[in-house]
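Coordinates as given in protein_15.txt (compact mmCIF, C-alpha atoms):
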```txt
# COMPACT_ATOMS: atom_id res chain seq x y z
CA MET A 1 5.54 -5.77 15.61
CA ASP A 2 3.12 -8.38 16.99
CA SER A 3 2.91 -11.71 15.18
CA ALA A 4 -0.75 -11.08 14.31
CA VAL A 5 -2.85 -7.94 14.09
CA SER A 6 -6.58 -8.25 14.68
CA ALA A 7 -8.89 -6.52 12.20
CA GLN A 8 -10.71 -4.56 14.90
CA PRO A 9 -13.65 -2.44 13.74
CA VAL A 10 -13.67 1.33 13.87
CA LYS A 11 -16.16 2.45 16.53
CA PRO A 12 -19.26 3.48 14.58
CA GLY A 13 -21.56 6.41 15.22
CA PHE A 14 -25.32 6.27 15.72
CA PHE A 15 -26.37 6.29 12.06
CA PRO A 16 -23.90 3.59 10.91
CA VAL A 17 -25.15 1.39 13.78
CA LEU A 18 -28.75 2.02 12.72
CA LEU A 19 -27.96 1.21 9.08
CA GLN A 20 -26.12 -1.95 10.13
CA ALA A 21 -29.16 -3.03 12.15
CA LEU A 22 -31.52 -2.35 9.25
CA PHE A 23 -29.24 -3.66 6.50
CA PRO A 24 -26.73 -6.13 8.02
CA GLU A 25 -23.45 -6.50 6.15
CA ASN A 26 -21.55 -9.72 5.57
CA CYS A 27 -18.05 -10.71 6.64
CA LEU A 28 -15.48 -9.87 3.96
CA LEU A 29 -14.03 -13.37 4.22
CA CYS A 30 -16.78 -15.90 4.94
CA ASP A 31 -19.96 -13.97 4.01
CA GLU A 32 -21.54 -14.49 7.45
CA ARG A 33 -23.86 -11.75 8.71
CA LEU A 34 -22.09 -9.19 10.90
CA THR A 35 -23.10 -7.24 13.99
CA GLY A 36 -21.60 -4.30 15.81
CA GLY A 37 -20.18 -2.44 12.82
CA ARG A 38 -17.53 -5.06 12.07
CA LEU A 39 -15.88 -5.78 8.72
CA ILE A 40 -14.70 -9.32 9.49
CA CYS A 41 -16.44 -11.76 11.83
CA ARG A 42 -14.78 -12.86 15.07
CA GLN A 43 -14.23 -16.40 13.84
CA CYS A 44 -12.32 -15.19 10.77
CA GLU A 45 -10.30 -12.77 12.91
CA VAL A 46 -9.07 -15.74 14.91
CA SER A 47 -8.58 -18.19 12.04
CA ASP A 48 -7.14 -15.70 9.53
CA PRO A 49 -5.74 -12.64 11.32
CA LEU A 50 -4.05 -9.72 9.60
CA LYS A 51 -0.38 -10.72 9.38
CA PRO A 52 2.70 -8.48 9.45
CA ALA A 53 4.91 -8.60 6.36
CA PRO A 54 8.33 -10.21 6.69
CA GLU A 55 11.36 -8.02 7.26
CA PHE A 56 13.73 -7.50 4.35
CA ALA A 57 17.41 -6.60 4.50
CA PRO A 58 18.26 -3.32 2.73
CA GLU A 59 19.61 -3.63 -0.79
CA ARG A 60 20.35 -0.36 -2.58
CA TYR A 61 17.49 1.21 -0.62
CA GLY A 62 15.99 0.42 2.75
CA ARG A 63 12.73 -1.54 2.57
CA GLN A 64 9.78 -1.44 4.97
CA PHE A 65 6.44 -3.21 4.44
CA GLY A 66 3.49 -3.30 6.82
CA PHE A 67 1.28 -6.35 6.32
CA LEU A 68 0.82 -9.34 4.06
CA TYR A 69 -1.58 -8.98 1.15
CA GLU A 70 -3.47 -12.20 1.80
CA GLY A 71 -6.61 -13.32 3.63
CA SER A 72 -7.99 -10.51 5.79
CA GLY A 73 -5.34 -8.07 4.56
CA LYS A 74 -6.34 -8.62 0.95
CA ALA A 75 -10.07 -8.39 1.74
CA LEU A 76 -9.69 -5.19 3.77
CA LEU A 77 -7.50 -3.52 1.13
CA LYS A 78 -9.97 -4.34 -1.65
CA ALA A 79 -12.86 -3.03 0.46
CA ALA A 80 -11.02 0.24 1.11
CA LYS A 81 -9.37 0.82 -2.27
CA PHE A 82 -11.86 -0.59 -4.77
CA GLY A 83 -15.06 -0.72 -2.71
CA HIS A 84 -14.48 2.74 -1.23
CA ARG A 85 -15.64 1.42 2.16
CA ARG A 86 -15.15 4.20 4.70
CA ARG A 87 -14.71 1.87 7.68
CA ALA A 88 -12.14 -0.19 5.80
CA ARG A 89 -10.22 2.97 4.89
CA ASN A 90 -10.35 4.14 8.50
CA PHE A 91 -9.08 0.74 9.60
CA TRP A 92 -6.01 1.10 7.37
CA ILE A 93 -5.40 4.68 8.50
CA ALA A 94 -5.27 3.45 12.10
CA ALA A 95 -3.02 0.52 11.12
CA ALA A 96 -0.64 2.70 9.08
CA ARG A 97 -0.29 5.49 11.63
CA PRO A 98 2.22 3.75 13.96
CA LEU A 99 4.15 2.38 10.96
CA LEU A 100 4.67 5.85 9.48
CA THR A 101 5.01 7.90 12.64
CA HIS A 102 8.75 7.33 12.97
CA PHE A 103 9.18 8.21 9.25
CA ALA A 104 7.33 11.50 9.43
CA GLY A 105 9.98 13.44 11.32
CA GLU A 106 10.68 17.09 10.67
CA LYS A 107 13.51 16.27 8.25
CA THR A 108 11.67 13.57 6.29
CA LYS A 109 9.71 13.78 3.03
CA LEU A 110 7.20 11.11 2.00
CA LEU A 111 6.64 10.79 -1.77
CA ALA A 112 3.45 9.01 -2.86
CA LEU A 113 3.36 6.96 -6.04
CA PRO A 114 0.58 7.98 -8.45
CA SER A 115 -2.56 5.86 -8.49
CA SER A 116 -5.84 5.78 -10.36
CA LYS A 117 -7.58 5.24 -6.99
CA PRO A 118 -7.52 7.82 -4.18
CA PHE A 119 -6.86 5.31 -1.37
CA LEU A 120 -3.10 5.81 -0.94
CA GLN A 121 -3.33 9.60 -1.09
CA GLN A 122 -6.20 9.65 1.43
CA LEU A 123 -4.31 7.36 3.80
CA LEU A 124 -1.11 9.41 3.69
CA GLN A 125 -2.95 12.71 4.01
CA ALA A 126 -4.66 11.39 7.16
CA VAL A 127 -1.38 10.31 8.75
CA VAL A 128 1.43 12.56 7.47
CA PRO A 129 1.69 16.33 8.11
CA PRO A 130 1.13 18.19 4.82
CA GLU A 131 4.52 19.90 4.87
CA ARG A 132 6.23 16.47 4.80
CA LEU A 133 4.01 14.87 2.13
CA VAL A 134 4.57 15.14 -1.63
CA LEU A 135 1.72 13.78 -3.78
CA ASN A 136 2.94 14.88 -7.21
CA ALA A 137 6.62 13.92 -7.36
CA PHE A 138 5.92 11.41 -10.16
CA ARG A 139 3.71 11.19 -13.21
CA THR A 140 2.70 8.31 -15.44
CA LYS A 141 1.64 7.55 -18.95
CA ARG A 142 -1.79 6.32 -17.97
CA SER A 143 -2.46 4.08 -20.96
CA ALA A 144 0.73 2.16 -20.31
CA PHE A 145 0.75 2.10 -16.52
CA PHE A 146 -2.75 1.96 -15.07
CA GLY A 147 -5.44 -0.65 -15.44
CA ASN A 148 -3.22 -3.52 -16.52
CA ASP A 149 -3.43 -6.30 -13.95
CA ALA A 150 -1.23 -8.47 -16.20
CA ASN A 151 1.80 -6.49 -15.02
CA LYS A 152 2.29 -8.81 -12.07
CA PHE A 153 2.53 -11.80 -14.43
CA LEU A 154 5.34 -10.32 -16.50
CA GLY A 155 8.90 -11.55 -16.22
CA GLU A 156 11.28 -9.33 -14.26
CA ALA A 157 12.93 -7.73 -17.30
CA ALA A 158 9.62 -7.00 -19.05
CA ARG A 159 8.06 -5.59 -15.89
CA TYR A 160 10.98 -3.25 -15.18
CA ARG A 161 11.04 -2.13 -18.79
CA ARG A 162 7.32 -1.28 -18.77
CA ILE A 163 7.60 0.62 -15.52
CA HIS A 164 10.72 2.42 -16.71
CA ASP A 165 8.80 3.64 -19.77
CA SER A 166 5.69 4.59 -17.77
CA LEU A 167 6.73 6.16 -14.46
CA GLN A 168 8.49 9.51 -14.79
CA TRP A 169 9.76 12.31 -12.58
CA ASN A 170 7.38 15.25 -12.40
CA ASN A 171 10.03 17.99 -12.02
CA GLN A 172 8.70 19.09 -8.65
CA MET A 173 10.65 21.15 -6.11
CA ILE A 174 10.62 18.57 -3.34
CA GLY A 175 12.69 20.45 -0.79
CA GLU A 176 15.63 19.30 1.30
CA ALA A 177 15.26 16.40 3.74
CA ASP A 178 17.47 13.96 5.58
CA ARG A 179 15.41 11.01 4.34
CA TYR A 180 12.96 10.42 1.50
CA ILE A 181 10.30 7.69 1.79
CA ILE A 182 8.73 6.41 -1.45
CA CYS A 183 5.22 5.14 -0.58
CA ASP A 184 2.80 2.71 -2.23
CA ASP A 185 -0.21 0.77 -1.00
CA VAL A 186 0.85 -2.70 -2.27
CA SER A 187 4.28 -3.96 -3.35
CA THR A 188 4.72 -7.21 -5.29
CA THR A 189 8.12 -7.27 -6.96
CA GLY A 190 9.05 -3.79 -5.76
CA ALA A 191 9.81 -2.78 -9.36
CA THR A 192 7.69 0.39 -9.26
CA LEU A 193 9.02 1.51 -5.89
CA ILE A 194 12.62 0.83 -6.89
CA HIS A 195 12.26 2.76 -10.14
CA ALA A 196 10.68 5.66 -8.25
CA ALA A 197 13.56 5.54 -5.78
CA ARG A 198 16.09 5.66 -8.64
CA LEU A 199 14.30 8.65 -10.13
CA THR A 200 14.42 10.38 -6.75
CA GLU A 201 18.10 9.58 -6.28
CA SER A 202 18.98 10.83 -9.76
CA HIS A 203 16.94 14.02 -9.85
CA LEU A 204 17.66 15.11 -6.27
CA ARG A 205 21.30 13.95 -6.50
CA ILE A 206 21.27 12.24 -3.14
CA ALA A 207 22.89 9.08 -1.77
CA PRO A 208 20.74 5.92 -1.92
CA GLU A 209 21.14 5.51 1.85
CA ARG A 210 18.81 8.50 2.26
CA ILE A 211 15.94 6.72 0.47
CA THR A 212 13.56 4.08 1.84
CA ILE A 213 10.79 2.30 -0.06
CA TRP A 214 7.61 1.63 1.92
CA ALA A 215 4.33 -0.15 1.19
CA LEU A 216 1.34 -0.75 3.40
CA LEU A 217 1.05 -4.35 2.17
CA TYR A 218 3.46 -6.84 0.65
CA ARG A 219 2.09 -9.32 -1.90
CA PRO A 220 4.20 -12.41 -2.62
CA ARG A 221 4.87 -12.71 -6.34
CA GLU A 222 2.27 -14.57 -8.42
CA PHE A 223 3.52 -16.30 -11.54
CA ALA A 224 1.41 -17.07 -14.58
CA ASP A 225 1.19 -20.71 -15.66
CA HIS A 226 3.18 -20.09 -18.84
CA LEU A 227 6.01 -18.65 -16.76
CA ARG A 228 6.07 -21.66 -14.46
CA THR A 229 6.15 -24.18 -17.29
CA PRO A 230 9.71 -25.08 -18.32
CA ARG A 231 10.63 -25.05 -21.96
CA GLN A 232 10.69 -28.39 -23.74
```

Using the file provided, produce a representation of the structure as structure tokens.
Amino acid sequence: MDSAVSAQPVKPGFFPVLLQALFPENCLLCDERLTGGRLICRQCEVSDPLKPAPEFAPERYGRQFGFLYEGSGKALLKAAKFGHRRRARNFWIAAARPLLTHFAGEKTKLLALPSSKPFLQQLLQAVVPPERLVLNAFRTKRSAFFGNDANKFLGEAARYRRIHDSLQWNNQMIGEADRYIICDDVSTTGATLIHAARLTESHLRIAPERITIWALLYRPREFADHLRTPRQ
């Protein structure tokens, strides 16, 4: 993968160009006015390009992450997932396609993690053939799992315990495959993906070598101040 990936705009049609001319948008990073249907201005593309995530050695499961959740990657993900920006979503579909192409072989199943936002499901449905995509392999206790941004500030044991209690197998007939890919949009500690992989391994009774965890973006762990402060 190249050392930097430019946040190139999706080629707009006539009406989006007209709307952009009448109501110019601002750069997602610096707030400068944009032209030509862009999401990020040219100066920010050069100074803060979309960066590939680092490679990780396999542990129990293989691990593949696309890009870093910082700078332009963070801004584009928020625009697509939370702002429901069509051009941002199309940008990520184009970026994810080559990453997932080699996964989506005839003997591969991709299992999406549940989400309160439709972004991940829309992205996978645009890239992965429907016969190889499973959107309902897992279920969650919504009150415990969704809408709690404090999860990323928990210690490792507390985070794994909360996810263990929240994310459950959905008793679906997944079908036989040589490899199973557990997919998420953003991975921080990997706790959710790893728990989903363990559920898959247990319920399908397969070897861990047949499971890979994948996320479009990798977010380096953020620690709360009270976790960084040593005890007196």

Which one is closest to Gln121 (chain A): A:Ile213, A:Leu29, A:Ile163, A:Leu133? Count all atoms listed in the file.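 Under the stated criterion, the closest residue is A:Leu133.
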
Polymer residues at most 9 Å from Ile182 (chain A), all atoms listed in the file, same-chain spacing of 2 or more positions, as a CSV table (one decimal) with C-alpha atoms, in the coordinates of the input:
```csv
chain,number,residue,atom,x,y,z
A,109,LYS,CA,9.7,13.8,3.0
A,110,LEU,CA,7.2,11.1,2.0
A,111,LEU,CA,6.6,10.8,-1.8
A,112,ALA,CA,3.4,9.0,-2.9
A,113,LEU,CA,3.4,7.0,-6.0
A,180,TYR,CA,13.0,10.4,1.5
A,184,ASP,CA,2.8,2.7,-2.2
A,193,LEU,CA,9.0,1.5,-5.9
A,194,ILE,CA,12.6,0.8,-6.9
A,196,ALA,CA,10.7,5.7,-8.2
A,197,ALA,CA,13.6,5.5,-5.8
A,200,THR,CA,14.4,10.4,-6.8
A,211,ILE,CA,15.9,6.7,0.5
A,212,THR,CA,13.6,4.1,1.8
A,213,ILE,CA,10.8,2.3,-0.1
A,214,TRP,CA,7.6,1.6,1.9
A,215,ALA,CA,4.3,-0.2,1.2
```

In Å to one decimal, how far is CA of Pro98 (chain A) from CA of Gln64 (chain A)? 12.8 Å

Just the number, please: distance in Å from CA of Lys81 (chain A) to CA of Leu100 (chain A), one decimal.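 Computed distance, CA of Lys81 (chain A) to CA of Leu100 (chain A), equals 19.0 Å.
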
Could you list as an NGL selection string every residue that has an atom within 6 Å of (2.4, 7.9, -15.7), using the file's coordinates and counting all atoms listed in the file? :A and (139-142 or 166-167)

Could you jot down the CA of Leu217 (chain A) to CA of Gly66 (chain A) separation for me, Å, one decimal place?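 We find that CA of Leu217 (chain A) and CA of Gly66 (chain A) lie 5.4 Å from each other.
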
Can you sort out the box for region 62-69 of chain A, edges along x, y and z, all listed atoms in, 5 Å on every side, with centre and edge lengths in Å to one decimal, as lines of an AutoDock Vina configuration file?
```
center_x = 7.2
center_y = -4.5
center_z = 4.0
size_x = 27.6
size_y = 19.8
size_z = 15.7
```

What's around Leu204 (chain A) at 12 Å? Count only C-alpha atoms, leave out sequence neighbours fewer than 4 positions away in its own chain, and write the answer as a compact mmCIF listing (two decimals) with C-alpha atoms, in the coordinates of the input.
```txt
# COMPACT_ATOMS: atom_id res chain seq x y z
CA ALA A 137 6.62 13.92 -7.36
CA TRP A 169 9.76 12.31 -12.58
CA ASN A 170 7.38 15.25 -12.40
CA ASN A 171 10.03 17.99 -12.02
CA GLN A 172 8.70 19.09 -8.65
CA MET A 173 10.65 21.15 -6.11
CA ILE A 174 10.62 18.57 -3.34
CA GLY A 175 12.69 20.45 -0.79
CA GLU A 176 15.63 19.30 1.30
CA ALA A 177 15.26 16.40 3.74
CA ASP A 178 17.47 13.96 5.58
CA ARG A 179 15.41 11.01 4.34
CA TYR A 180 12.96 10.42 1.50
CA ALA A 196 10.68 5.66 -8.25
CA ALA A 197 13.56 5.54 -5.78
CA ARG A 198 16.09 5.66 -8.64
CA LEU A 199 14.30 8.65 -10.13
CA THR A 200 14.42 10.38 -6.75
CA PRO A 208 20.74 5.92 -1.92
CA ARG A 210 18.81 8.50 2.26
CA ILE A 211 15.94 6.72 0.47
```

Give the answer as one residue: which of A:Gly190, A:Gly36, A:Pro58, A:Pro52 has the shortest atom-to-atom distance to Leu99 (chain A), using all atoms listed in the file?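 Nearest candidate to Leu99 (chain A) out of A:Gly190, A:Gly36, A:Pro58, A:Pro52: A:Pro52.
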